[in-house]
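Structure below is structure-v6.cif: mmCIF, C-alpha atoms.
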```
data_upload
loop_
_atom_site.group_PDB
_atom_site.id
_atom_site.type_symbol
_atom_site.label_atom_id
_atom_site.label_comp_id
_atom_site.auth_asym_id
_atom_site.auth_seq_id
_atom_site.Cartn_x
_atom_site.Cartn_y
_atom_site.Cartn_z
ATOM 1 C CA MET A 1 190.793 101.302 55.632
ATOM 2 C CA VAL A 2 188.423 100.819 58.569
ATOM 3 C CA SER A 3 184.702 101.034 57.884
ATOM 4 C CA ALA A 4 182.099 102.423 60.239
ATOM 5 C CA PRO A 5 181.737 100.134 63.282
ATOM 6 C CA ALA A 6 177.931 100.437 63.179
ATOM 7 C CA ALA A 7 176.152 100.217 59.842
ATOM 8 C CA ARG A 8 172.565 100.737 61.008
ATOM 9 C CA ASP A 9 170.980 103.722 59.305
ATOM 10 C CA SER A 10 168.444 104.379 62.065
ATOM 11 C CA LEU A 11 169.077 105.004 65.730
ATOM 12 C CA PRO A 12 168.263 102.200 68.176
ATOM 13 C CA GLU A 13 164.918 102.964 69.769
ATOM 14 C CA ALA A 14 164.657 103.489 73.505
ATOM 15 C CA ALA A 15 162.516 100.734 74.984
ATOM 16 C CA PRO A 16 159.342 102.107 76.627
ATOM 17 C CA GLY A 17 159.912 102.437 80.352
ATOM 18 C CA SER A 18 163.713 102.396 80.041
ATOM 19 C CA THR A 19 165.900 105.114 81.531
ATOM 20 C CA ARG A 20 166.730 106.448 78.074
ATOM 21 C CA TYR A 21 163.035 106.558 77.219
ATOM 22 C CA PHE A 22 162.366 108.911 80.129
ATOM 23 C CA VAL A 23 165.494 110.995 79.455
ATOM 24 C CA LEU A 24 164.263 111.659 75.918
ATOM 25 C CA LEU A 25 160.635 112.046 76.991
ATOM 26 C CA TYR A 26 161.542 115.027 79.176
ATOM 27 C CA CYS A 27 163.858 116.534 76.569
ATOM 28 C CA PRO A 28 162.563 119.542 74.584
ATOM 29 C CA ARG A 29 161.375 118.436 71.162
ATOM 30 C CA GLN A 30 163.998 120.442 69.251
ATOM 31 C CA HIS A 31 166.806 118.730 71.159
ATOM 32 C CA ARG A 32 165.349 115.214 71.343
ATOM 33 C CA GLN A 33 166.812 113.716 68.174
ATOM 34 C CA PRO A 34 170.275 115.278 68.624
ATOM 35 C CA LEU A 35 170.400 114.063 72.241
ATOM 36 C CA ALA A 36 169.291 110.571 71.188
ATOM 37 C CA THR A 37 172.093 110.564 68.615
ATOM 38 C CA LEU A 38 174.675 111.793 71.110
ATOM 39 C CA LEU A 39 173.735 109.038 73.574
ATOM 40 C CA ALA A 40 173.813 106.348 70.874
ATOM 41 C CA VAL A 41 177.196 107.520 69.586
ATOM 42 C CA ALA A 42 178.614 107.482 73.127
ATOM 43 C CA ASP A 43 177.379 103.887 73.489
ATOM 44 C CA GLU A 44 179.134 102.910 70.252
ATOM 45 C CA ILE A 45 182.356 104.648 71.274
ATOM 46 C CA ASP A 46 182.322 102.777 74.593
ATOM 47 C CA SER A 47 181.267 99.434 73.139
ATOM 48 C CA GLY A 48 184.815 98.089 72.755
ATOM 49 C CA ARG A 49 185.460 98.413 76.489
ATOM 50 C CA ALA A 50 181.921 97.549 77.565
ATOM 51 C CA ARG A 51 181.878 94.310 75.556
ATOM 52 C CA GLY A 52 185.326 93.273 76.746
ATOM 53 C CA MET A 53 186.778 93.230 73.223
ATOM 54 C CA ASP A 54 190.417 92.508 72.573
ATOM 55 C CA HIS A 55 192.340 95.659 73.488
ATOM 56 C CA ALA A 56 193.783 96.091 69.985
ATOM 57 C CA VAL A 57 190.342 95.721 68.375
ATOM 58 C CA ALA A 58 188.833 98.201 70.831
ATOM 59 C CA HIS A 59 191.545 100.717 69.925
ATOM 60 C CA VAL A 60 190.849 100.292 66.192
ATOM 61 C CA ARG A 61 187.179 101.102 66.826
ATOM 62 C CA LEU A 62 188.147 104.053 68.970
ATOM 63 C CA ASP A 63 190.529 105.382 66.307
ATOM 64 C CA TRP A 64 187.737 105.235 63.724
ATOM 65 C CA TRP A 65 185.416 107.199 65.976
ATOM 66 C CA ARG A 66 188.154 109.716 66.739
ATOM 67 C CA ALA A 67 188.509 110.435 63.019
ATOM 68 C CA GLU A 68 184.734 110.441 62.571
ATOM 69 C CA LEU A 69 184.177 113.067 65.263
ATOM 70 C CA GLN A 70 186.817 115.206 63.594
ATOM 71 C CA ARG A 71 184.887 114.846 60.323
ATOM 72 C CA PHE A 72 181.716 115.814 62.208
ATOM 73 C CA ALA A 73 183.424 118.999 63.384
ATOM 74 C CA ARG A 74 184.223 119.806 59.727
ATOM 75 C CA GLY A 75 180.627 119.071 58.726
ATOM 76 C CA THR A 76 181.490 115.942 56.700
ATOM 77 C CA PRO A 77 180.700 112.858 58.832
ATOM 78 C CA GLU A 78 180.410 109.415 57.243
ATOM 79 C CA HIS A 79 178.301 107.645 59.839
ATOM 80 C CA PRO A 80 174.564 107.749 58.970
ATOM 81 C CA TRP A 81 173.552 108.833 62.474
ATOM 82 C CA LEU A 82 175.850 111.846 62.439
ATOM 83 C CA SER A 83 175.006 112.703 58.828
ATOM 84 C CA ALA A 84 171.299 112.734 59.696
ATOM 85 C CA TRP A 85 172.019 114.922 62.733
ATOM 86 C CA LEU A 86 173.774 117.573 60.666
ATOM 87 C CA ARG A 87 171.105 117.520 57.974
ATOM 88 C CA ALA A 88 168.561 118.419 60.656
ATOM 89 C CA GLN A 89 170.821 120.724 62.723
ATOM 90 C CA PRO A 90 173.706 121.950 60.508
ATOM 91 C CA HIS A 91 175.181 124.258 63.135
ATOM 92 C CA ASP A 92 175.655 121.483 65.689
ATOM 93 C CA HIS A 93 178.990 120.546 64.107
ATOM 94 C CA SER A 94 180.463 123.264 66.326
ATOM 95 C CA LEU A 95 179.572 121.354 69.536
ATOM 96 C CA GLY A 96 182.969 119.684 69.518
ATOM 97 C CA LEU A 97 182.344 115.986 70.194
ATOM 98 C CA GLU A 98 186.036 115.030 70.240
ATOM 99 C CA PRO A 99 186.194 114.898 74.083
ATOM 100 C CA LEU A 100 184.088 111.721 73.897
ATOM 101 C CA THR A 101 186.897 109.720 72.304
ATOM 102 C CA GLU A 102 189.540 111.317 74.536
ATOM 103 C CA ALA A 103 187.557 110.269 77.615
ATOM 104 C CA ALA A 104 186.857 106.800 76.198
ATOM 105 C CA ALA A 105 190.600 106.291 75.669
ATOM 106 C CA MET A 106 191.202 106.985 79.367
ATOM 107 C CA ASP A 107 188.460 104.538 80.351
ATOM 108 C CA LEU A 108 189.954 101.925 78.033
ATOM 109 C CA ALA A 109 193.394 102.418 79.586
ATOM 110 C CA GLY A 110 191.890 101.950 83.047
ATOM 111 C CA ALA A 111 190.215 98.734 81.929
ATOM 112 C CA ARG A 112 193.566 97.461 80.629
ATOM 113 C CA LEU A 113 195.096 98.057 84.045
ATOM 114 C CA ALA A 114 192.145 96.308 85.711
ATOM 115 C CA ALA A 115 191.593 99.494 87.678
ATOM 116 C CA ARG A 116 188.262 100.777 88.887
ATOM 117 C CA SER A 117 186.742 102.842 86.105
ATOM 118 C CA ASP A 118 186.588 106.582 86.619
ATOM 119 C CA HIS A 119 183.865 106.822 83.954
ATOM 120 C CA TYR A 120 185.549 109.668 82.091
ATOM 121 C CA LEU A 121 183.264 109.105 79.107
ATOM 122 C CA ALA A 122 180.138 109.607 81.214
ATOM 123 C CA GLY A 123 181.558 112.875 82.542
ATOM 124 C CA ALA A 124 182.329 114.134 79.033
ATOM 125 C CA LEU A 125 178.885 113.022 77.863
ATOM 126 C CA PHE A 126 177.114 115.070 80.538
ATOM 127 C CA VAL A 127 179.146 118.181 79.644
ATOM 128 C CA LEU A 128 178.333 117.810 75.937
ATOM 129 C CA GLY A 129 174.713 116.965 76.735
ATOM 130 C CA ALA A 130 174.401 120.197 78.700
ATOM 131 C CA LYS A 131 175.862 122.178 75.788
ATOM 132 C CA LEU A 132 173.453 120.523 73.377
ATOM 133 C CA LEU A 133 170.568 121.484 75.672
ATOM 134 C CA GLY A 134 171.607 125.114 75.337
ATOM 135 C CA ILE A 135 173.587 125.652 78.522
ATOM 136 C CA GLU A 136 176.553 127.980 78.280
ATOM 137 C CA ILE A 137 179.304 126.496 80.421
ATOM 138 C CA ALA A 138 180.880 129.732 81.515
ATOM 139 C CA SER A 139 182.767 128.535 84.586
ATOM 140 C CA PRO A 140 185.119 125.663 85.451
ATOM 141 C CA GLN A 141 182.939 124.987 88.493
ATOM 142 C CA LEU A 142 179.864 124.260 86.370
ATOM 143 C CA GLU A 143 181.859 122.004 84.041
ATOM 144 C CA GLN A 144 183.284 120.118 87.015
ATOM 145 C CA ARG A 145 179.840 119.619 88.532
ATOM 146 C CA LEU A 146 178.501 118.282 85.242
ATOM 147 C CA ARG A 147 181.413 115.854 84.950
ATOM 148 C CA ALA A 148 180.885 114.739 88.540
ATOM 149 C CA LEU A 149 177.181 114.175 87.880
ATOM 150 C CA GLY A 150 177.957 112.006 84.858
ATOM 151 C CA HIS A 151 180.489 110.026 86.882
ATOM 152 C CA TYR A 152 177.943 109.592 89.679
ATOM 153 C CA VAL A 153 175.270 108.255 87.322
ATOM 154 C CA ALA A 154 177.648 105.832 85.595
ATOM 155 C CA THR A 155 179.026 104.598 88.924
ATOM 156 C CA LEU A 156 175.517 103.918 90.230
ATOM 157 C CA GLU A 157 174.621 102.054 87.048
ATOM 158 C CA HIS A 158 177.711 99.842 87.162
ATOM 159 C CA GLU A 159 178.598 99.541 90.840
ATOM 160 C CA ARG A 160 175.368 100.582 92.629
ATOM 161 C CA GLN A 161 177.285 102.682 95.193
ATOM 162 C CA ALA A 162 178.554 106.263 94.861
ATOM 163 C CA ALA A 163 178.891 109.462 96.860
ATOM 164 C CA ALA A 164 176.490 112.174 95.715
ATOM 165 C CA PRO A 165 178.221 115.182 94.068
ATOM 166 C CA GLU A 166 177.301 118.850 94.246
ATOM 167 C CA LEU A 167 174.658 119.742 91.684
ATOM 168 C CA PRO A 168 174.607 122.670 89.245
ATOM 169 C CA GLU A 169 172.859 125.633 90.844
ATOM 170 C CA ALA A 170 169.124 126.275 90.548
ATOM 171 C CA PRO A 171 169.135 128.658 87.525
ATOM 172 C CA VAL A 172 170.838 125.979 85.401
ATOM 173 C CA GLN A 173 168.533 123.137 86.397
ATOM 174 C CA PRO A 174 165.525 123.695 84.066
ATOM 175 C CA PRO A 175 167.406 123.126 80.791
ATOM 176 C CA LEU A 176 169.266 120.238 82.445
ATOM 177 C CA THR A 177 166.002 118.400 83.112
ATOM 178 C CA PRO A 178 166.731 115.321 80.920
ATOM 179 C CA LEU A 179 170.078 114.700 82.622
ATOM 180 C CA LEU A 180 168.625 115.228 86.103
ATOM 181 C CA VAL A 181 165.846 112.748 85.300
ATOM 182 C CA TRP A 182 168.613 110.297 84.377
ATOM 183 C CA ALA A 183 170.321 110.878 87.734
ATOM 184 C CA ALA A 184 167.087 110.372 89.668
ATOM 185 C CA LEU A 185 166.382 107.091 87.887
ATOM 186 C CA ALA A 186 169.955 105.880 88.436
ATOM 187 C CA GLU A 187 169.527 106.444 92.169
ATOM 188 C CA ARG A 188 166.238 104.590 92.205
ATOM 189 C CA GLN A 189 167.553 101.640 90.209
ATOM 190 C CA ALA A 190 170.703 101.345 92.330
ATOM 191 C CA LEU A 191 168.473 100.636 95.330
ATOM 192 C CA ARG A 192 166.446 98.018 93.464
ATOM 193 C CA ARG A 193 167.393 94.400 93.974
ATOM 194 C CA PRO A 194 169.075 92.862 90.909
ATOM 195 C CA ARG A 195 166.130 91.229 89.207
ATOM 196 C CA ARG A 196 163.940 91.684 86.200
ATOM 197 C CA ALA A 197 161.904 94.861 86.476
ATOM 198 C CA GLY A 198 158.201 94.283 87.035
ATOM 199 C CA ARG A 199 155.163 96.369 86.274
ATOM 200 C CA PHE A 200 155.311 98.111 89.647
ATOM 201 C CA ASP A 201 158.930 99.128 89.002
ATOM 202 C CA MET A 202 157.963 100.659 85.677
ATOM 203 C CA LEU A 203 155.149 102.632 87.286
ATOM 204 C CA ALA A 204 157.523 103.785 90.029
ATOM 205 C CA ASP A 205 160.111 104.889 87.467
ATOM 206 C CA ASN A 206 157.421 106.823 85.611
ATOM 207 C CA PHE A 207 156.552 108.709 88.804
ATOM 208 C CA ILE A 208 160.201 109.297 89.745
ATOM 209 C CA ALA A 209 160.981 110.686 86.285
ATOM 210 C CA TRP A 210 157.933 112.976 86.425
ATOM 211 C CA ARG A 211 158.797 114.229 89.924
ATOM 212 C CA ALA A 212 162.459 114.808 89.016
ATOM 213 C CA ALA A 213 161.458 116.765 85.908
ATOM 214 C CA ARG A 214 158.979 118.868 87.881
ATOM 215 C CA ARG A 215 161.576 119.726 90.518
ATOM 216 C CA ALA A 216 164.248 120.477 87.932
ATOM 217 C CA GLN A 217 161.920 122.859 86.104
ATOM 218 C CA ARG A 218 161.480 124.736 89.384
ATOM 219 C CA GLY A 219 165.210 124.736 90.141
ATOM 220 C CA ARG A 220 164.614 122.555 93.215
ATOM 221 C CA PHE A 221 166.045 119.205 92.150
ATOM 222 C CA GLU A 222 168.055 117.323 94.778
ATOM 223 C CA LEU A 223 169.873 114.032 94.690
ATOM 224 C CA THR A 224 168.256 111.579 97.102
ATOM 225 C CA ARG A 225 171.562 110.446 98.586
ATOM 226 C CA ALA A 226 172.716 114.003 99.252
ATOM 227 C CA ARG A 227 169.385 114.831 100.908
ATOM 228 C CA ASP A 228 169.474 111.694 103.049
ATOM 229 C CA ARG A 229 173.041 112.427 104.113
ATOM 230 C CA ALA A 230 172.121 115.983 105.132
ATOM 231 C CA SER A 231 169.121 114.790 107.142
ATOM 232 C CA THR A 232 171.307 112.511 109.293
ATOM 233 C CA ARG A 233 173.674 115.277 110.363
#
```
So that I can check it, write out the structure of this file as C-alpha cells.
Amino acid sequence: MVSAPAARDSLPEAAPGSTRYFVLLYCPRQHRQPLATLLAVADEIDSGRARGMDHAVAHVRLDWWRAELQRFARGTPEHPWLSAWLRAQPHDHSLGLEPLTEAAAMDLAGARLAARSDHYLAGALFVLGAKLLGIEIASPQLEQRLRALGHYVATLEHERQAAAPELPEAPVQPPLTPLLVWAALAERQALRRPRRAGRFDMLADNFIAWRAARRAQRGRFELTRARDRASTR
C-alpha cells in the first residue's frame, strides 16, 4: 500500500512577491483557496519528474495521485489538501482533476526519452484553472488556447524562450485574470538575467501584475511578445 506522497496538512504558503503570490492575490476570494490547492497538487504530481527521481519511483508517486484524483471525483479523497478543499467546496469534486495525472504521465515519458518537454501538465492545469474560475469551456478552440497559454508559461519558466500563442477572446479575459497575471509575470521574468531578484525586481513585478490584472478585467490583455512581434511587421 502506498501512502500519500505529501503528509503536510496545510498548503505551502506563497512567498510574498512570488509569482504564485500575485496569481492568488488577483484571484476572487471565493476561488482563492481552491486555486491554491490546485496549484499545489499539480506541483506534487509533477515533483517526481521535476526532482529527477528514479523513473520507477516517479511512476509510483504518479499512480498514487491517479487513484487519489479518482477518489476526489467520488468525494472521498485521502490527502488533507483535497479533503479540506471538498469540506469548503463540496461540489468541486465534479471538476474532474484526472487530466492532471494523464498529462503528467506524458511529461514523464518525454523526460525518459530525454526529449524537450511539451509541458502537457501546464496545459491541463490552465484548462482546469479556467474551469475552477467559472469559465465554461464551450468550444475546442477555447480549450486549445488555454492549453497553449499554459504551455507558453511553463516554457518561459523553464527555457526562457517561447512563441506567444493566441489568447482567449476579450469576453473570457476578466475571469481569467489570475492566469493572465501569471503569463505576464512569466514574460517579465524570462527577460530578467538569471540572478537573485532584488527589491527593484519585486516592485516591477508588483506593477506588472497590477497592470496585467487591470487590462484583463477590461478584456484588453495582450502578451508582450505577441505585441512586439506585431509592431515589427
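Going from atom CA of Leu142 of chain A over to atom CA of Pro168 of chain A, you cover 6.2 Å.
We find atom CA of Ala216 of chain A and atom CA of Tyr152 of chain A to be spaced 17.6 Å apart.
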Selection near Ser94 of chain A, 10 Å with only C-alpha atoms, sequence-local residues under 2 positions removed, as number ranges by chain = A: 72-75, 90-92, 96-97
Let me have the centre and edge lengths of the axis-aligned box enclosing all listed atoms of segment 210-213 of chain A with 4 Å padding on every side, in Å to one decimal, as AutoDock Vina command-line options.
```
--center_x 160.2 --center_y 114.9 --center_z 87.9 --size_x 12.5 --size_y 11.8 --size_z 12.0
```
Taking the file as shown, what set of residues would the PyMOL selection byres ((chain A and resi 127) around 12) give back, as an MDAnalysis selection string?
-> chainID A and resid 38 95:97 99:100 103 120:126 128:138 140:151 168 176 179
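Compared by their closest atoms to Ala67 of chain A, and using all atoms listed in the file, the residues A:Leu25, A:Ala84, A:Ile45, A:Ala154 rank with A:Ile45 nearest.
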Near-Thr101 of chain A list (7 Å; only C-alpha atoms; drop same-chain fewer than 6 positions) as a PyMOL selection string | chain A and resi 45+62+65-66
To one decimal place, how far is atom CA of Phe221 of chain A from atom CA of His31 of chain A in Å?
-> 21.0 Å
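If all atoms listed in the file are the atoms counted, then among A:Ala164, A:Ala204, A:Ala15, A:Leu39 the closest residue to Trp81 of chain A is A:Leu39.
Nearest to Leu180 of chain A of all the residues A:Ala105, A:Val153, A:Ala14, A:Ala88 is A:Val153, counting all atoms listed in the file.
All residues of protein, DNA or RNA that reach within 9 Å of Arg160 of chain A, judged by only C-alpha atoms and not counting those fewer than 3 positions away in the chain, are A:Thr155, A:Leu156, A:Glu157, A:Ala186, A:Glu187, A:Gln189, A:Ala190, A:Leu191.
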Could those selected residues go to a file with C-alpha atoms, as a PDB file, keeping the file's coordinate frame?
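Final output, selection29.pdb:
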```pdb
ATOM      1  CA  THR A 155     179.026 104.598  88.924  1.00  0.00           C
ATOM      2  CA  LEU A 156     175.517 103.918  90.230  1.00  0.00           C
ATOM      3  CA  GLU A 157     174.621 102.054  87.048  1.00  0.00           C
ATOM      4  CA  ALA A 186     169.955 105.880  88.436  1.00  0.00           C
ATOM      5  CA  GLU A 187     169.527 106.444  92.169  1.00  0.00           C
ATOM      6  CA  GLN A 189     167.553 101.640  90.209  1.00  0.00           C
ATOM      7  CA  ALA A 190     170.703 101.345  92.330  1.00  0.00           C
ATOM      8  CA  LEU A 191     168.473 100.636  95.330  1.00  0.00           C
TER       9      LEU A 191
END
```
Care to translate the PyMOL selection byres ((chain A and resi 33) around 10) into actual residues of this file, as a VMD selection string?
-> chain A and resid 11 24 27 to 32 34 to 39 84 to 85 88 to 89
Okay, now the selection with C-alpha atoms, as a CSV table (one decimal), in the frame of the given file?
```
chain,number,residue,atom,x,y,z
A,11,LEU,CA,169.1,105.0,65.7
A,24,LEU,CA,164.3,111.7,75.9
A,27,CYS,CA,163.9,116.5,76.6
A,28,PRO,CA,162.6,119.5,74.6
A,29,ARG,CA,161.4,118.4,71.2
A,30,GLN,CA,164.0,120.4,69.3
A,31,HIS,CA,166.8,118.7,71.2
A,32,ARG,CA,165.3,115.2,71.3
A,34,PRO,CA,170.3,115.3,68.6
A,35,LEU,CA,170.4,114.1,72.2
A,36,ALA,CA,169.3,110.6,71.2
A,37,THR,CA,172.1,110.6,68.6
A,38,LEU,CA,174.7,111.8,71.1
A,39,LEU,CA,173.7,109.0,73.6
A,84,ALA,CA,171.3,112.7,59.7
A,85,TRP,CA,172.0,114.9,62.7
A,88,ALA,CA,168.6,118.4,60.7
A,89,GLN,CA,170.8,120.7,62.7
```
Atom completion result for segment 10-34 of chain A (N, CA and C atoms) as a PDB file, in the coordinates of the input:
```
ATOM      1  N   SER A  10     169.319 103.731  61.098  1.00  0.00           N
ATOM      2  CA  SER A  10     168.444 104.379  62.065  1.00  0.00           C
ATOM      3  C   SER A  10     168.959 104.161  63.481  1.00  0.00           C
ATOM      4  N   LEU A  11     168.663 105.106  64.334  1.00  0.00           N
ATOM      5  CA  LEU A  11     169.077 105.004  65.730  1.00  0.00           C
ATOM      6  C   LEU A  11     168.338 103.865  66.425  1.00  0.00           C
ATOM      7  N   PRO A  12     168.997 103.190  67.373  1.00  0.00           N
ATOM      8  CA  PRO A  12     168.263 102.200  68.176  1.00  0.00           C
ATOM      9  C   PRO A  12     167.197 102.902  69.002  1.00  0.00           C
ATOM     10  N   GLU A  13     166.011 102.341  69.036  1.00  0.00           N
ATOM     11  CA  GLU A  13     164.918 102.964  69.769  1.00  0.00           C
ATOM     12  C   GLU A  13     165.033 102.677  71.262  1.00  0.00           C
ATOM     13  N   ALA A  14     164.678 103.680  72.050  1.00  0.00           N
ATOM     14  CA  ALA A  14     164.657 103.489  73.505  1.00  0.00           C
ATOM     15  C   ALA A  14     163.432 102.671  73.879  1.00  0.00           C
ATOM     16  N   ALA A  15     163.636 101.584  74.591  1.00  0.00           N
ATOM     17  CA  ALA A  15     162.516 100.734  74.984  1.00  0.00           C
ATOM     18  C   ALA A  15     161.589 101.498  75.924  1.00  0.00           C
ATOM     19  N   PRO A  16     160.271 101.424  75.718  1.00  0.00           N
ATOM     20  CA  PRO A  16     159.342 102.107  76.627  1.00  0.00           C
ATOM     21  C   PRO A  16     159.592 101.700  78.075  1.00  0.00           C
ATOM     22  N   GLY A  17     159.661 102.690  78.940  1.00  0.00           N
ATOM     23  CA  GLY A  17     159.912 102.437  80.352  1.00  0.00           C
ATOM     24  C   GLY A  17     161.373 102.375  80.733  1.00  0.00           C
ATOM     25  N   SER A  18     162.285 102.420  79.744  1.00  0.00           N
ATOM     26  CA  SER A  18     163.713 102.396  80.041  1.00  0.00           C
ATOM     27  C   SER A  18     164.177 103.778  80.501  1.00  0.00           C
ATOM     28  N   THR A  19     165.351 103.822  81.102  1.00  0.00           N
ATOM     29  CA  THR A  19     165.900 105.114  81.531  1.00  0.00           C
ATOM     30  C   THR A  19     166.024 106.061  80.350  1.00  0.00           C
ATOM     31  N   ARG A  20     166.556 105.568  79.239  1.00  0.00           N
ATOM     32  CA  ARG A  20     166.730 106.448  78.074  1.00  0.00           C
ATOM     33  C   ARG A  20     165.392 106.952  77.550  1.00  0.00           C
ATOM     34  N   TYR A  21     164.374 106.134  77.642  1.00  0.00           N
ATOM     35  CA  TYR A  21     163.035 106.558  77.219  1.00  0.00           C
ATOM     36  C   TYR A  21     162.611 107.801  77.999  1.00  0.00           C
ATOM     37  N   PHE A  22     162.791 107.773  79.315  1.00  0.00           N
ATOM     38  CA  PHE A  22     162.366 108.911  80.129  1.00  0.00           C
ATOM     39  C   PHE A  22     163.283 110.124  79.921  1.00  0.00           C
ATOM     40  N   VAL A  23     164.578 109.885  79.731  1.00  0.00           N
ATOM     41  CA  VAL A  23     165.494 110.995  79.455  1.00  0.00           C
ATOM     42  C   VAL A  23     165.041 111.755  78.217  1.00  0.00           C
ATOM     43  N   LEU A  24     164.683 111.023  77.169  1.00  0.00           N
ATOM     44  CA  LEU A  24     164.263 111.659  75.918  1.00  0.00           C
ATOM     45  C   LEU A  24     162.844 112.213  76.019  1.00  0.00           C
ATOM     46  N   LEU A  25     162.000 111.559  76.815  1.00  0.00           N
ATOM     47  CA  LEU A  25     160.635 112.046  76.991  1.00  0.00           C
ATOM     48  C   LEU A  25     160.617 113.449  77.577  1.00  0.00           C
ATOM     49  N   TYR A  26     161.523 113.721  78.523  1.00  0.00           N
ATOM     50  CA  TYR A  26     161.542 115.027  79.176  1.00  0.00           C
ATOM     51  C   TYR A  26     162.547 115.989  78.532  1.00  0.00           C
ATOM     52  N   CYS A  27     162.971 115.658  77.331  1.00  0.00           N
ATOM     53  CA  CYS A  27     163.858 116.534  76.569  1.00  0.00           C
ATOM     54  C   CYS A  27     163.014 117.408  75.639  1.00  0.00           C
ATOM     55  N   PRO A  28     163.300 118.698  75.529  1.00  0.00           N
ATOM     56  CA  PRO A  28     162.563 119.542  74.584  1.00  0.00           C
ATOM     57  C   PRO A  28     162.605 118.950  73.174  1.00  0.00           C
ATOM     58  N   ARG A  29     161.510 119.081  72.458  1.00  0.00           N
ATOM     59  CA  ARG A  29     161.375 118.436  71.162  1.00  0.00           C
ATOM     60  C   ARG A  29     162.525 118.777  70.213  1.00  0.00           C
ATOM     61  N   GLN A  30     162.963 120.043  70.204  1.00  0.00           N
ATOM     62  CA  GLN A  30     163.998 120.442  69.251  1.00  0.00           C
ATOM     63  C   GLN A  30     165.353 119.817  69.543  1.00  0.00           C
ATOM     64  N   HIS A  31     165.530 119.351  70.781  1.00  0.00           N
ATOM     65  CA  HIS A  31     166.806 118.730  71.159  1.00  0.00           C
ATOM     66  C   HIS A  31     166.726 117.207  71.236  1.00  0.00           C
ATOM     67  N   ARG A  32     165.537 116.646  71.069  1.00  0.00           N
ATOM     68  CA  ARG A  32     165.349 115.214  71.343  1.00  0.00           C
ATOM     69  C   ARG A  32     166.170 114.321  70.414  1.00  0.00           C
ATOM     70  N   GLN A  33     166.081 114.576  69.103  1.00  0.00           N
ATOM     71  CA  GLN A  33     166.812 113.716  68.174  1.00  0.00           C
ATOM     72  C   GLN A  33     168.327 113.898  68.291  1.00  0.00           C
ATOM     73  N   PRO A  34     168.835 115.134  68.392  1.00  0.00           N
ATOM     74  CA  PRO A  34     170.275 115.278  68.624  1.00  0.00           C
ATOM     75  C   PRO A  34     170.756 114.602  69.900  1.00  0.00           C
TER      76      PRO A  34
END
```
